$ cat work_29.cif   # mmCIF, C-alpha atoms and all ligand atoms
data_start
#
loop_
_atom_site.group_PDB
_atom_site.id
_atom_site.type_symbol
_atom_site.label_atom_id
_atom_site.label_comp_id
_atom_site.auth_asym_id
_atom_site.auth_seq_id
_atom_site.Cartn_x
_atom_site.Cartn_y
_atom_site.Cartn_z
ATOM 1 C CA MET A 1 -42.588 -58.164 60.651
ATOM 2 C CA ASN A 2 -39.617 -60.471 60.306
ATOM 3 C CA LEU A 3 -36.679 -58.870 62.093
ATOM 4 C CA ALA A 4 -33.272 -60.063 63.275
ATOM 5 C CA VAL A 5 -29.910 -59.022 64.626
ATOM 6 C CA ILE A 6 -26.881 -60.393 62.788
ATOM 7 C CA GLY A 7 -23.539 -60.758 64.553
ATOM 8 C CA HIS A 8 -20.967 -63.162 65.879
ATOM 9 C CA PRO A 9 -21.138 -64.074 68.706
ATOM 10 C CA ILE A 10 -24.748 -63.141 69.355
ATOM 11 C CA ALA A 11 -25.970 -65.476 72.114
ATOM 12 C CA HIS A 12 -26.037 -62.761 74.787
ATOM 13 C CA SER A 13 -27.872 -60.167 72.710
ATOM 14 C CA LEU A 14 -30.833 -58.594 74.511
ATOM 15 C CA SER A 15 -32.280 -57.169 71.293
ATOM 16 C CA PRO A 16 -34.732 -60.063 70.689
ATOM 17 C CA GLN A 17 -36.457 -59.537 74.054
ATOM 18 C CA LEU A 18 -36.528 -55.759 73.596
ATOM 19 C CA HIS A 19 -38.011 -55.799 70.093
ATOM 20 C CA GLU A 20 -40.425 -58.671 70.692
ATOM 21 C CA GLN A 21 -41.837 -56.799 73.666
ATOM 22 C CA TRP A 22 -42.295 -53.716 71.479
ATOM 23 C CA LEU A 23 -43.857 -55.773 68.657
ATOM 24 C CA ARG A 24 -46.413 -57.225 71.074
ATOM 25 C CA ALA A 25 -47.136 -53.865 72.697
ATOM 26 C CA SER A 26 -47.672 -52.306 69.258
ATOM 27 C CA GLY A 27 -50.079 -55.045 68.205
ATOM 28 C CA LEU A 28 -47.769 -56.059 65.349
ATOM 29 C CA PHE A 29 -47.356 -59.670 64.340
ATOM 30 C CA GLY A 30 -43.797 -60.811 63.909
ATOM 31 C CA CYS A 31 -40.619 -62.052 65.427
ATOM 32 C CA TYR A 32 -37.104 -60.839 66.086
ATOM 33 C CA GLU A 33 -34.356 -63.443 65.902
ATOM 34 C CA ALA A 34 -30.679 -63.459 66.824
ATOM 35 C CA ILE A 35 -28.661 -64.833 63.895
ATOM 36 C CA ASP A 36 -25.139 -66.003 64.617
ATOM 37 C CA ALA A 37 -23.709 -65.690 61.099
ATOM 38 C CA THR A 38 -20.353 -66.493 59.550
ATOM 39 C CA PRO A 39 -19.091 -63.972 56.970
ATOM 40 C CA ASP A 40 -19.981 -66.288 54.063
ATOM 41 C CA GLU A 41 -23.591 -66.461 55.227
ATOM 42 C CA LEU A 42 -24.064 -62.699 54.904
ATOM 43 C CA PRO A 43 -24.783 -62.566 51.130
ATOM 44 C CA ALA A 44 -27.660 -65.064 51.484
ATOM 45 C CA LEU A 45 -29.173 -63.154 54.401
ATOM 46 C CA PHE A 46 -29.247 -59.870 52.495
ATOM 47 C CA ALA A 47 -30.512 -61.614 49.346
ATOM 48 C CA ALA A 48 -33.340 -63.052 51.451
ATOM 49 C CA MET A 49 -34.171 -59.569 52.718
ATOM 50 C CA ARG A 50 -34.304 -58.283 49.143
ATOM 51 C CA GLU A 51 -36.757 -61.051 48.270
ATOM 52 C CA GLY A 52 -39.052 -60.177 51.157
ATOM 53 C CA GLY A 53 -37.959 -62.813 53.673
ATOM 54 C CA TRP A 54 -36.870 -60.158 56.161
ATOM 55 C CA ASP A 55 -38.163 -56.657 56.893
ATOM 56 C CA GLY A 56 -35.232 -55.376 58.888
ATOM 57 C CA PHE A 57 -31.888 -56.203 60.416
ATOM 58 C CA ASN A 58 -29.764 -54.903 63.202
ATOM 59 C CA VAL A 59 -26.080 -55.479 62.587
ATOM 60 C CA THR A 60 -23.567 -55.825 65.365
ATOM 61 C CA ILE A 61 -19.958 -56.792 66.022
ATOM 62 C CA PRO A 62 -18.045 -57.744 63.888
ATOM 63 C CA TYR A 63 -20.127 -56.815 60.800
ATOM 64 C CA LYS A 64 -20.983 -53.112 61.247
ATOM 65 C CA GLU A 65 -18.534 -52.105 58.520
ATOM 66 C CA VAL A 66 -18.479 -55.063 56.102
ATOM 67 C CA VAL A 67 -22.257 -55.131 55.540
ATOM 68 C CA VAL A 68 -22.024 -51.935 53.490
ATOM 69 C CA ARG A 69 -21.176 -54.000 50.390
ATOM 70 C CA TYR A 70 -24.563 -55.775 50.499
ATOM 71 C CA LEU A 71 -26.607 -52.563 50.671
ATOM 72 C CA ASP A 72 -27.888 -50.141 48.012
ATOM 73 C CA ASP A 73 -27.403 -46.950 49.973
ATOM 74 C CA LEU A 74 -26.344 -45.453 53.286
ATOM 75 C CA ASP A 75 -28.004 -42.507 54.969
ATOM 76 C CA GLU A 76 -26.036 -39.578 56.410
ATOM 77 C CA ALA A 77 -25.792 -41.080 59.909
ATOM 78 C CA ALA A 78 -24.238 -44.298 58.576
ATOM 79 C CA LYS A 79 -21.865 -42.372 56.287
ATOM 80 C CA HIS A 80 -20.653 -40.132 59.104
ATOM 81 C CA ALA A 81 -20.382 -42.970 61.595
ATOM 82 C CA GLY A 82 -18.575 -45.151 59.057
ATOM 83 C CA ALA A 83 -20.675 -48.084 60.262
ATOM 84 C CA VAL A 84 -24.166 -49.564 59.964
ATOM 85 C CA ASN A 85 -26.220 -50.915 62.872
ATOM 86 C CA THR A 86 -29.620 -50.991 61.148
ATOM 87 C CA VAL A 87 -30.824 -52.059 57.708
ATOM 88 C CA TYR A 88 -34.284 -51.186 56.440
ATOM 89 C CA LYS A 89 -36.081 -51.326 53.101
ATOM 90 C CA ARG A 90 -37.410 -48.393 51.090
ATOM 91 C CA ASP A 91 -38.925 -48.914 47.618
ATOM 92 C CA GLY A 92 -37.268 -52.309 47.380
ATOM 93 C CA ARG A 93 -33.828 -50.901 48.186
ATOM 94 C CA LEU A 94 -31.755 -51.889 51.214
ATOM 95 C CA ILE A 95 -30.668 -48.831 53.176
ATOM 96 C CA GLY A 96 -28.093 -48.806 55.985
ATOM 97 C CA THR A 97 -28.348 -46.379 58.846
ATOM 98 C CA ASN A 98 -26.751 -45.981 62.247
ATOM 99 C CA THR A 99 -29.004 -45.276 65.231
ATOM 100 C CA ASP A 100 -26.360 -45.680 67.966
ATOM 101 C CA GLY A 101 -25.397 -42.014 68.239
ATOM 102 C CA ALA A 102 -28.857 -40.548 67.755
ATOM 103 C CA GLY A 103 -30.243 -43.150 70.164
ATOM 104 C CA LEU A 104 -27.839 -42.029 72.853
ATOM 105 C CA VAL A 105 -28.511 -38.336 72.224
ATOM 106 C CA GLN A 106 -32.255 -38.969 72.465
ATOM 107 C CA ALA A 107 -31.765 -40.923 75.698
ATOM 108 C CA LEU A 108 -29.746 -38.047 77.194
ATOM 109 C CA MET A 109 -32.330 -35.372 76.344
ATOM 110 C CA PRO A 110 -34.172 -35.734 79.697
ATOM 111 C CA TYR A 111 -30.864 -34.955 81.461
ATOM 112 C CA THR A 112 -29.331 -32.185 79.361
ATOM 113 C CA ASP A 113 -30.191 -29.694 76.621
ATOM 114 C CA PHE A 114 -26.594 -29.884 75.296
ATOM 115 C CA THR A 115 -25.949 -26.164 75.737
ATOM 116 C CA GLY A 116 -22.863 -26.940 77.878
ATOM 117 C CA ARG A 117 -19.548 -28.542 77.064
ATOM 118 C CA VAL A 118 -19.383 -32.278 76.264
ATOM 119 C CA LEU A 119 -16.422 -34.580 76.947
ATOM 120 C CA ILE A 120 -16.087 -37.798 74.949
ATOM 121 C CA VAL A 121 -13.809 -40.457 76.431
ATOM 122 C CA GLY A 122 -12.433 -42.645 73.635
ATOM 123 C CA ALA A 123 -11.878 -42.193 69.918
ATOM 124 C CA GLY A 124 -12.945 -45.501 68.364
ATOM 125 C CA GLY A 125 -15.951 -46.438 66.253
ATOM 126 C CA ALA A 126 -18.440 -45.914 69.074
ATOM 127 C CA ALA A 127 -17.080 -42.432 69.823
ATOM 128 C CA ARG A 128 -17.299 -41.516 66.143
ATOM 129 C CA GLY A 129 -20.955 -42.531 65.918
ATOM 130 C CA ILE A 130 -21.785 -40.464 68.986
ATOM 131 C CA VAL A 131 -19.847 -37.329 67.994
ATOM 132 C CA GLN A 132 -21.554 -37.208 64.588
ATOM 133 C CA ALA A 133 -24.967 -37.309 66.280
ATOM 134 C CA LEU A 134 -24.340 -34.675 68.983
ATOM 135 C CA PRO A 135 -26.347 -31.476 68.529
ATOM 136 C CA THR A 136 -23.333 -29.381 69.616
ATOM 137 C CA ARG A 137 -19.746 -28.854 68.475
ATOM 138 C CA ASP A 138 -18.622 -27.716 71.926
ATOM 139 C CA VAL A 139 -17.006 -31.132 72.290
ATOM 140 C CA THR A 140 -13.640 -32.346 73.605
ATOM 141 C CA ILE A 141 -12.205 -35.783 72.807
ATOM 142 C CA VAL A 142 -9.833 -37.488 75.226
ATOM 143 C CA ASN A 143 -8.214 -40.811 74.390
ATOM 144 C CA ARG A 144 -5.319 -43.035 75.421
ATOM 145 C CA THR A 145 -3.805 -42.790 71.918
ATOM 146 C CA MET A 146 -3.509 -39.107 71.095
ATOM 147 C CA GLU A 147 -3.276 -39.531 67.303
ATOM 148 C CA ARG A 148 -6.710 -41.152 67.257
ATOM 149 C CA ALA A 149 -8.165 -38.355 69.412
ATOM 150 C CA LYS A 150 -6.711 -35.795 67.008
ATOM 151 C CA ALA A 151 -7.997 -37.620 63.917
ATOM 152 C CA LEU A 152 -11.537 -37.804 65.298
ATOM 153 C CA ALA A 153 -11.459 -34.204 66.541
ATOM 154 C CA ASP A 154 -10.227 -32.965 63.145
ATOM 155 C CA THR A 155 -12.946 -34.871 61.283
ATOM 156 C CA PHE A 156 -15.705 -33.152 63.212
ATOM 157 C CA GLY A 157 -14.081 -29.778 63.922
ATOM 158 C CA VAL A 158 -13.899 -30.290 67.686
ATOM 159 C CA VAL A 159 -10.954 -30.247 70.133
ATOM 160 C CA TYR A 160 -8.929 -32.972 71.802
ATOM 161 C CA LYS A 161 -6.930 -33.144 75.017
ATOM 162 C CA THR A 162 -4.681 -35.554 76.851
ATOM 163 C CA PHE A 163 -5.870 -37.068 80.137
ATOM 164 C CA ASP A 164 -3.226 -34.958 81.919
ATOM 165 C CA ASP A 165 -4.573 -31.682 80.513
ATOM 166 C CA LEU A 166 -8.195 -32.346 81.425
ATOM 167 C CA ASN A 167 -10.063 -30.217 83.923
ATOM 168 C CA LEU A 168 -13.302 -32.097 84.518
ATOM 169 C CA SER A 169 -15.013 -29.130 86.152
ATOM 170 C CA GLN A 170 -15.386 -27.608 82.668
ATOM 171 C CA TYR A 171 -17.798 -30.242 81.378
ATOM 172 C CA ASP A 172 -21.556 -30.558 81.747
ATOM 173 C CA VAL A 173 -21.803 -33.951 80.046
ATOM 174 C CA ILE A 174 -19.232 -36.772 80.011
ATOM 175 C CA ILE A 175 -19.764 -39.779 77.719
ATOM 176 C CA GLN A 176 -17.540 -42.835 78.209
ATOM 177 C CA THR A 177 -17.238 -44.860 74.973
ATOM 178 C CA THR A 178 -14.273 -47.210 75.547
ATOM 179 C CA SER A 179 -14.415 -50.831 76.666
ATOM 180 C CA VAL A 180 -12.730 -49.975 79.980
ATOM 181 C CA GLY A 181 -15.073 -50.905 82.822
ATOM 182 C CA MET A 182 -16.451 -54.145 81.416
ATOM 183 C CA ASP A 183 -14.176 -56.048 83.782
ATOM 184 C CA GLU A 184 -16.025 -54.457 86.746
ATOM 185 C CA ARG A 185 -12.774 -53.032 88.129
ATOM 186 C CA SER A 186 -11.188 -50.531 85.775
ATOM 187 C CA THR A 187 -12.055 -46.954 85.081
ATOM 188 C CA PRO A 188 -10.699 -45.009 82.091
ATOM 189 C CA LEU A 189 -10.240 -41.677 83.858
ATOM 190 C CA SER A 190 -9.941 -40.103 87.279
ATOM 191 C CA LEU A 191 -13.063 -38.148 88.242
ATOM 192 C CA GLU A 192 -11.051 -35.643 90.285
ATOM 193 C CA GLY A 193 -12.685 -32.214 89.984
ATOM 194 C CA LEU A 194 -16.025 -33.516 88.701
ATOM 195 C CA ARG A 195 -18.799 -30.999 89.416
ATOM 196 C CA GLN A 196 -21.995 -32.087 91.139
ATOM 197 C CA ASN A 197 -24.897 -32.490 88.720
ATOM 198 C CA THR A 198 -22.620 -33.215 85.770
ATOM 199 C CA VAL A 199 -24.282 -35.820 83.566
ATOM 200 C CA VAL A 200 -21.992 -38.864 83.375
ATOM 201 C CA CYS A 201 -22.917 -41.577 80.909
ATOM 202 C CA ASP A 202 -21.235 -44.887 80.168
ATOM 203 C CA ILE A 203 -22.178 -46.824 77.038
ATOM 204 C CA ILE A 204 -21.224 -50.126 78.721
ATOM 205 C CA TYR A 205 -24.245 -51.944 80.176
ATOM 206 C CA ARG A 206 -22.532 -55.085 81.492
ATOM 207 C CA PRO A 207 -21.978 -54.356 84.347
ATOM 208 C CA LEU A 208 -25.046 -52.151 84.582
ATOM 209 C CA VAL A 209 -23.242 -49.645 86.824
ATOM 210 C CA THR A 210 -19.565 -49.484 85.849
ATOM 211 C CA PRO A 211 -16.847 -48.482 88.342
ATOM 212 C CA MET A 212 -16.746 -45.045 86.694
ATOM 213 C CA LEU A 213 -20.484 -44.550 87.180
ATOM 214 C CA GLN A 214 -20.249 -45.714 90.811
ATOM 215 C CA GLU A 215 -17.567 -43.125 91.453
ATOM 216 C CA ALA A 216 -19.530 -40.436 89.593
ATOM 217 C CA LYS A 217 -22.575 -41.168 91.731
ATOM 218 C CA ARG A 218 -20.520 -40.863 94.922
ATOM 219 C CA ARG A 219 -19.450 -37.439 93.719
ATOM 220 C CA GLY A 220 -23.030 -36.299 93.173
ATOM 221 C CA ALA A 221 -23.213 -36.607 89.388
ATOM 222 C CA LYS A 222 -26.342 -37.619 87.492
ATOM 223 C CA ILE A 223 -25.518 -41.028 86.052
ATOM 224 C CA VAL A 224 -26.884 -42.608 82.879
ATOM 225 C CA THR A 225 -26.133 -46.294 82.259
ATOM 226 C CA GLY A 226 -25.458 -47.978 78.931
ATOM 227 C CA VAL A 227 -29.038 -49.237 78.913
ATOM 228 C CA ALA A 228 -30.052 -45.734 77.788
ATOM 229 C CA MET A 229 -28.087 -46.002 74.544
ATOM 230 C CA PHE A 230 -29.043 -49.627 73.993
ATOM 231 C CA VAL A 231 -32.757 -48.881 74.297
ATOM 232 C CA GLY A 232 -32.415 -45.555 72.445
ATOM 233 C CA GLN A 233 -30.767 -47.099 69.395
ATOM 234 C CA GLY A 234 -33.276 -49.964 69.455
ATOM 235 C CA ALA A 235 -36.204 -47.555 69.551
ATOM 236 C CA LEU A 236 -34.973 -45.636 66.499
ATOM 237 C CA SER A 237 -34.402 -48.890 64.572
ATOM 238 C CA PHE A 238 -37.868 -50.157 65.512
ATOM 239 C CA GLU A 239 -39.388 -46.920 64.245
ATOM 240 C CA LYS A 240 -37.525 -47.226 60.908
ATOM 241 C CA TRP A 241 -38.908 -50.727 60.350
ATOM 242 C CA THR A 242 -42.453 -50.332 61.645
ATOM 243 C CA GLY A 243 -43.267 -46.605 61.613
ATOM 244 C CA VAL A 244 -44.240 -46.977 65.284
ATOM 245 C CA LYS A 245 -42.480 -45.120 68.121
ATOM 246 C CA PRO A 246 -42.019 -47.718 70.869
ATOM 247 C CA ASP A 247 -42.213 -47.046 74.611
ATOM 248 C CA GLU A 248 -38.611 -46.517 75.762
ATOM 249 C CA THR A 249 -39.477 -46.478 79.467
ATOM 250 C CA VAL A 250 -40.995 -49.935 79.247
ATOM 251 C CA GLY A 251 -37.998 -51.130 77.186
ATOM 252 C CA LYS A 252 -35.571 -49.754 79.753
ATOM 253 C CA LYS A 253 -37.361 -51.497 82.628
ATOM 254 C CA LEU A 254 -37.298 -54.817 80.775
ATOM 255 C CA ILE A 255 -33.562 -54.608 79.994
ATOM 256 C CA GLU A 256 -32.608 -53.447 83.491
ATOM 257 C CA GLY A 257 -34.585 -56.378 84.866
ATOM 258 C CA LEU A 258 -32.803 -58.843 82.563
ATOM 259 C CA LEU A 259 -29.372 -57.403 83.406
ATOM 260 C CA GLY A 260 -30.108 -57.425 87.109
ATOM 261 C CA GLU A 261 -30.814 -61.156 87.148
HETATM 262 P P1 LIG B 301 -15.317 -49.298 69.407
HETATM 263 O O1 LIG B 301 -15.844 -49.489 68.011
HETATM 264 O O2 LIG B 301 -16.019 -50.122 70.445
HETATM 265 O O3 LIG B 301 -15.246 -47.866 69.802
HETATM 266 P P2 LIG B 301 -12.491 -49.355 68.856
HETATM 267 O O4 LIG B 301 -12.689 -48.636 67.579
HETATM 268 O O5 LIG B 301 -11.528 -50.487 68.914
HETATM 269 O O6 LIG B 301 -13.857 -49.947 69.397
HETATM 270 O O7 LIG B 301 -12.098 -48.269 69.992
HETATM 271 C C1 LIG B 301 -11.850 -48.642 71.303
HETATM 272 C C2 LIG B 301 -11.661 -47.394 72.184
HETATM 273 O O8 LIG B 301 -11.427 -47.842 73.517
HETATM 274 C C3 LIG B 301 -10.472 -46.552 71.799
HETATM 275 O O9 LIG B 301 -10.724 -45.219 72.182
HETATM 276 C C4 LIG B 301 -9.366 -47.177 72.676
HETATM 277 O O10 LIG B 301 -8.281 -46.326 72.943
HETATM 278 P P3 LIG B 301 -6.996 -46.311 71.940
HETATM 279 O O11 LIG B 301 -7.412 -45.507 70.746
HETATM 280 O O12 LIG B 301 -5.939 -45.671 72.731
HETATM 281 O O13 LIG B 301 -6.718 -47.760 71.617
HETATM 282 C C5 LIG B 301 -10.141 -47.392 73.947
HETATM 283 N N1 LIG B 301 -9.524 -48.386 74.812
HETATM 284 C C6 LIG B 301 -9.606 -49.742 74.689
HETATM 285 N N2 LIG B 301 -8.926 -50.345 75.694
HETATM 286 C C7 LIG B 301 -8.405 -49.356 76.480
HETATM 287 C C8 LIG B 301 -7.617 -49.328 77.672
HETATM 288 N N3 LIG B 301 -7.231 -50.451 78.272
HETATM 289 N N4 LIG B 301 -7.296 -48.113 78.186
HETATM 290 C C9 LIG B 301 -7.719 -46.970 77.596
HETATM 291 N N5 LIG B 301 -8.454 -46.932 76.469
HETATM 292 C C10 LIG B 301 -8.799 -48.099 75.912
#

$ encode --input "work_29.cif" --output "structure tokens" --more "lines below"
Ligand code: ATR
Amino acid sequence: MNLAVIGHPIAHSLSPQLHEQWLRASGLFGCYEAIDATPDELPALFAAMREGGWDGFNVTIPYKEVVVRYLDDLDEAAKHAGAVNTVYKRDGRLIGTNTDGAGLVQALMPYTDFTGRVLIVGAGGAARGIVQALPTRDVTIVNRTMERAKALADTFGVVYKTFDDLNLSQYDVIIQTTSVGMDERSTPLSLEGLRQNTVVCDIIYRPLVTPMLQEAKRRGAKIVTGVAMFVGQGALSFEKWTGVKPDETVGKKLIEGLLGE
């Protein structure tokens, strides 16, 4: 298996360690590289995949949208998300999919059955990928820019609210999808009124426990770090390429260890 993640910058990607551990554990020969590519290198990379030089790619920032032009088809998840994070081959054709949303949903399954109400914080590309994958439409979007919240809510037939109108006690699951919290100080919303046992998830994994998650924990919530989504999306990509379901618990331990260093 020749696998790689393509992005720019890519130096801090943890995907090589995650996938190489899974390759070894599955008894598969192969490697997983991190390729720091410029936009004009993309055509050659996808041509090489067509010719058998690569079996699969992950695609990350800033190429999740532009890679579509090098592919033969997109599956439903990629179409709905409007972005590709995984490329695999079927019958010689290059297919784009998006495992981010489904990876997160899968990672949240041990914590919730999604019968309650879900709050999504943010309305960007990440939020879109997650909303399309949720197994419920009892979803509320809240976002700094209201027009974007409305646009996303309208696309998926869900509702949107302003931060001022929110009553957090109404939600069973809260998923934070913005970049607020990466600076280790900021939090995108006040957790006033949060019920105990609410599942609060942040897709940021640097820092591992964001200020919002720290506050949620103090208030008795069940917290899920961004490692869940990272490992969840990786596991679904790995399965697409190899047909093998990797061990997510082992993957999670590895990544938490690397982030804790
Ligand atoms: P991504 O693909 O990572 O979701 P994006 O499409 O640029 O990136 O979306 C970023 C999200 O983070 C948006 O919901 C954005 O809110 P706006 O729509 O109001 O811009 C949110 N976001 C980014 N910085 C923010 C900040 N400082 N405060 C609140 N929300 C922020």

$ resolve_selection --input "work_29.cif" --expression "the PyMOL selection byres (((chain A and resi 91) around 12) and not hetatm)" --output "PyMOL selection string"
chain A and resi 50+52+72-73+88-90+92-95

$ atom_distance --input "work_29.cif" --atom1 "atom CA of A:Met182" --atom2 "atom CA of A:Asp113"
28.5 Å

$ closest_residue --input "work_29.cif" --among "A:Arg69, A:Lys79, A:Arg148, A:Arg117" --to "ligand LIG 301 (chain B)" --atoms "all atoms listed in the file"
A:Arg148

$ axis_aligned_box --input "work_29.cif" --around "ligand LIG 301 (chain B)" --padding-each-side "3 Å" --output "lines of an AutoDock Vina configuration file"
center_x = -11.0
center_y = -47.9
center_z = 72.9
size_x = 16.1
size_y = 11.3
size_z = 16.7

$ closest_atom_pairs --input "work_29.cif" --of "chain A" --to "ligand LIG 301 (chain B)" --cutoff "8 Å" --atoms "all atoms listed in the file" --output "tab-separated table"
residue	atom	partner	partner_atom	distance
A:Val121	CA	B:LIG301	O9	7.1
A:Gly122	CA	B:LIG301	O9	3.4
A:Ala123	CA	B:LIG301	O9	4.0
A:Gly124	CA	B:LIG301	O4	3.2
A:Gly125	CA	B:LIG301	O1	3.5
A:Ala126	CA	B:LIG301	O3	3.8
A:Ala127	CA	B:LIG301	O3	5.7
A:Arg128	CA	B:LIG301	O3	7.6
A:Asn143	CA	B:LIG301	O9	5.5
A:Arg144	CA	B:LIG301	O12	3.8
A:Thr145	CA	B:LIG301	O12	3.7
A:Met146	CA	B:LIG301	O12	7.2
A:Arg148	CA	B:LIG301	O11	5.6
A:Ala149	CA	B:LIG301	O11	7.3
A:Thr177	CA	B:LIG301	O3	6.3
A:Thr178	CA	B:LIG301	O8	3.6
A:Ser179	CA	B:LIG301	O8	5.3
A:Val180	CA	B:LIG301	C7	5.6
A:Pro188	CA	B:LIG301	C9	5.7

$ resolve_selection --input "work_29.cif" --expression "the PyMOL selection byres (((chain A and resi 129) around 8) and not hetatm)" --output "list in words"
Ala77, His80, Ala81, Gly82, Ala83, Asn98, Asp100, Gly101, Gly125, Ala126, Ala127, Arg128, Ile130, Val131, Gln132 and Ala133 of chain A

$ closest_residue --input "work_29.cif" --among "A:Glu41, A:Gly96, A:Tyr70, A:Asp172" --to "A:Gly116" --atoms "only C-alpha atoms"
A:Asp172

$ atom_distance --input "work_29.cif" --atom1 "atom CA of A:Asp75" --atom2 "atom CA of A:Thr140"
25.6 Å

$ resolve_selection --input "work_29.cif" --expression "the PyMOL selection byres (((chain A and resi 19) around 12) and not hetatm)" --output "ChimeraX atom specification"
/A:1-5,13-18,20-26,28-34,56-58,230-239,241-242,244-248,250-252,254-255

$ closest_residue --input "work_29.cif" --among "A:Val199, A:Leu74, A:Ile141, A:Leu152" --to "A:Asp165" --atoms "all atoms listed in the file"
A:Ile141

$ atom_distance --input "work_29.cif" --atom1 "atom CA of A:Gln106" --atom2 "atom CA of A:Ala221"
19.3 Å

$ closest_residue --input "work_29.cif" --among "A:Val224, A:Leu119, A:Ile10, A:Leu166" --to "A:Ile204" --atoms "only C-alpha atoms"
A:Val224

$ build_atoms --input "work_29.cif" --residues "stretch 16-34 of chain A" --atoms "N, CA and C atoms" --output "compact mmCIF listing (two decimals), in the frame of the given file"
# COMPACT_ATOMS: atom_id res chain seq x y z
N PRO A 16 -33.49 -59.33 70.95
CA PRO A 16 -34.73 -60.06 70.69
C PRO A 16 -35.81 -59.77 71.73
N GLN A 17 -35.45 -59.80 73.01
CA GLN A 17 -36.46 -59.54 74.05
C GLN A 17 -37.03 -58.12 73.93
N LEU A 18 -36.10 -57.16 73.68
CA LEU A 18 -36.53 -55.76 73.60
C LEU A 18 -37.52 -55.56 72.46
N HIS A 19 -37.16 -56.05 71.26
CA HIS A 19 -38.01 -55.80 70.09
C HIS A 19 -39.28 -56.64 70.12
N GLU A 20 -39.20 -57.85 70.65
CA GLU A 20 -40.42 -58.67 70.69
C GLU A 20 -41.43 -58.08 71.67
N GLN A 21 -40.92 -57.48 72.74
CA GLN A 21 -41.84 -56.80 73.67
C GLN A 21 -42.52 -55.63 72.94
N TRP A 22 -41.73 -54.86 72.19
CA TRP A 22 -42.30 -53.72 71.48
C TRP A 22 -43.26 -54.16 70.37
N LEU A 23 -42.94 -55.27 69.70
CA LEU A 23 -43.86 -55.77 68.66
C LEU A 23 -45.21 -56.11 69.28
N ARG A 24 -45.16 -56.84 70.40
CA ARG A 24 -46.41 -57.22 71.07
C ARG A 24 -47.19 -56.00 71.53
N ALA A 25 -46.48 -55.06 72.16
CA ALA A 25 -47.14 -53.86 72.70
C ALA A 25 -47.75 -53.02 71.58
N SER A 26 -47.17 -53.11 70.38
CA SER A 26 -47.67 -52.31 69.26
C SER A 26 -48.75 -53.04 68.48
N GLY A 27 -49.07 -54.26 68.90
CA GLY A 27 -50.08 -55.04 68.20
C GLY A 27 -49.62 -55.52 66.84
N LEU A 28 -48.31 -55.61 66.64
CA LEU A 28 -47.77 -56.06 65.35
C LEU A 28 -47.42 -57.54 65.43
N PHE A 29 -47.76 -58.27 64.40
CA PHE A 29 -47.36 -59.67 64.34
C PHE A 29 -45.92 -59.72 63.89
N GLY A 30 -45.16 -60.68 64.41
CA GLY A 30 -43.80 -60.81 63.91
C GLY A 30 -42.87 -61.41 64.93
N CYS A 31 -41.62 -61.51 64.53
CA CYS A 31 -40.62 -62.05 65.43
C CYS A 31 -39.31 -61.31 65.21
N TYR A 32 -38.43 -61.45 66.16
CA TYR A 32 -37.10 -60.84 66.09
C TYR A 32 -36.11 -61.91 66.53
N GLU A 33 -35.29 -62.36 65.60
CA GLU A 33 -34.36 -63.44 65.90
C GLU A 33 -32.93 -62.94 66.09
N ALA A 34 -32.11 -63.74 66.75
CA ALA A 34 -30.68 -63.46 66.82
C ALA A 34 -29.99 -64.45 65.90
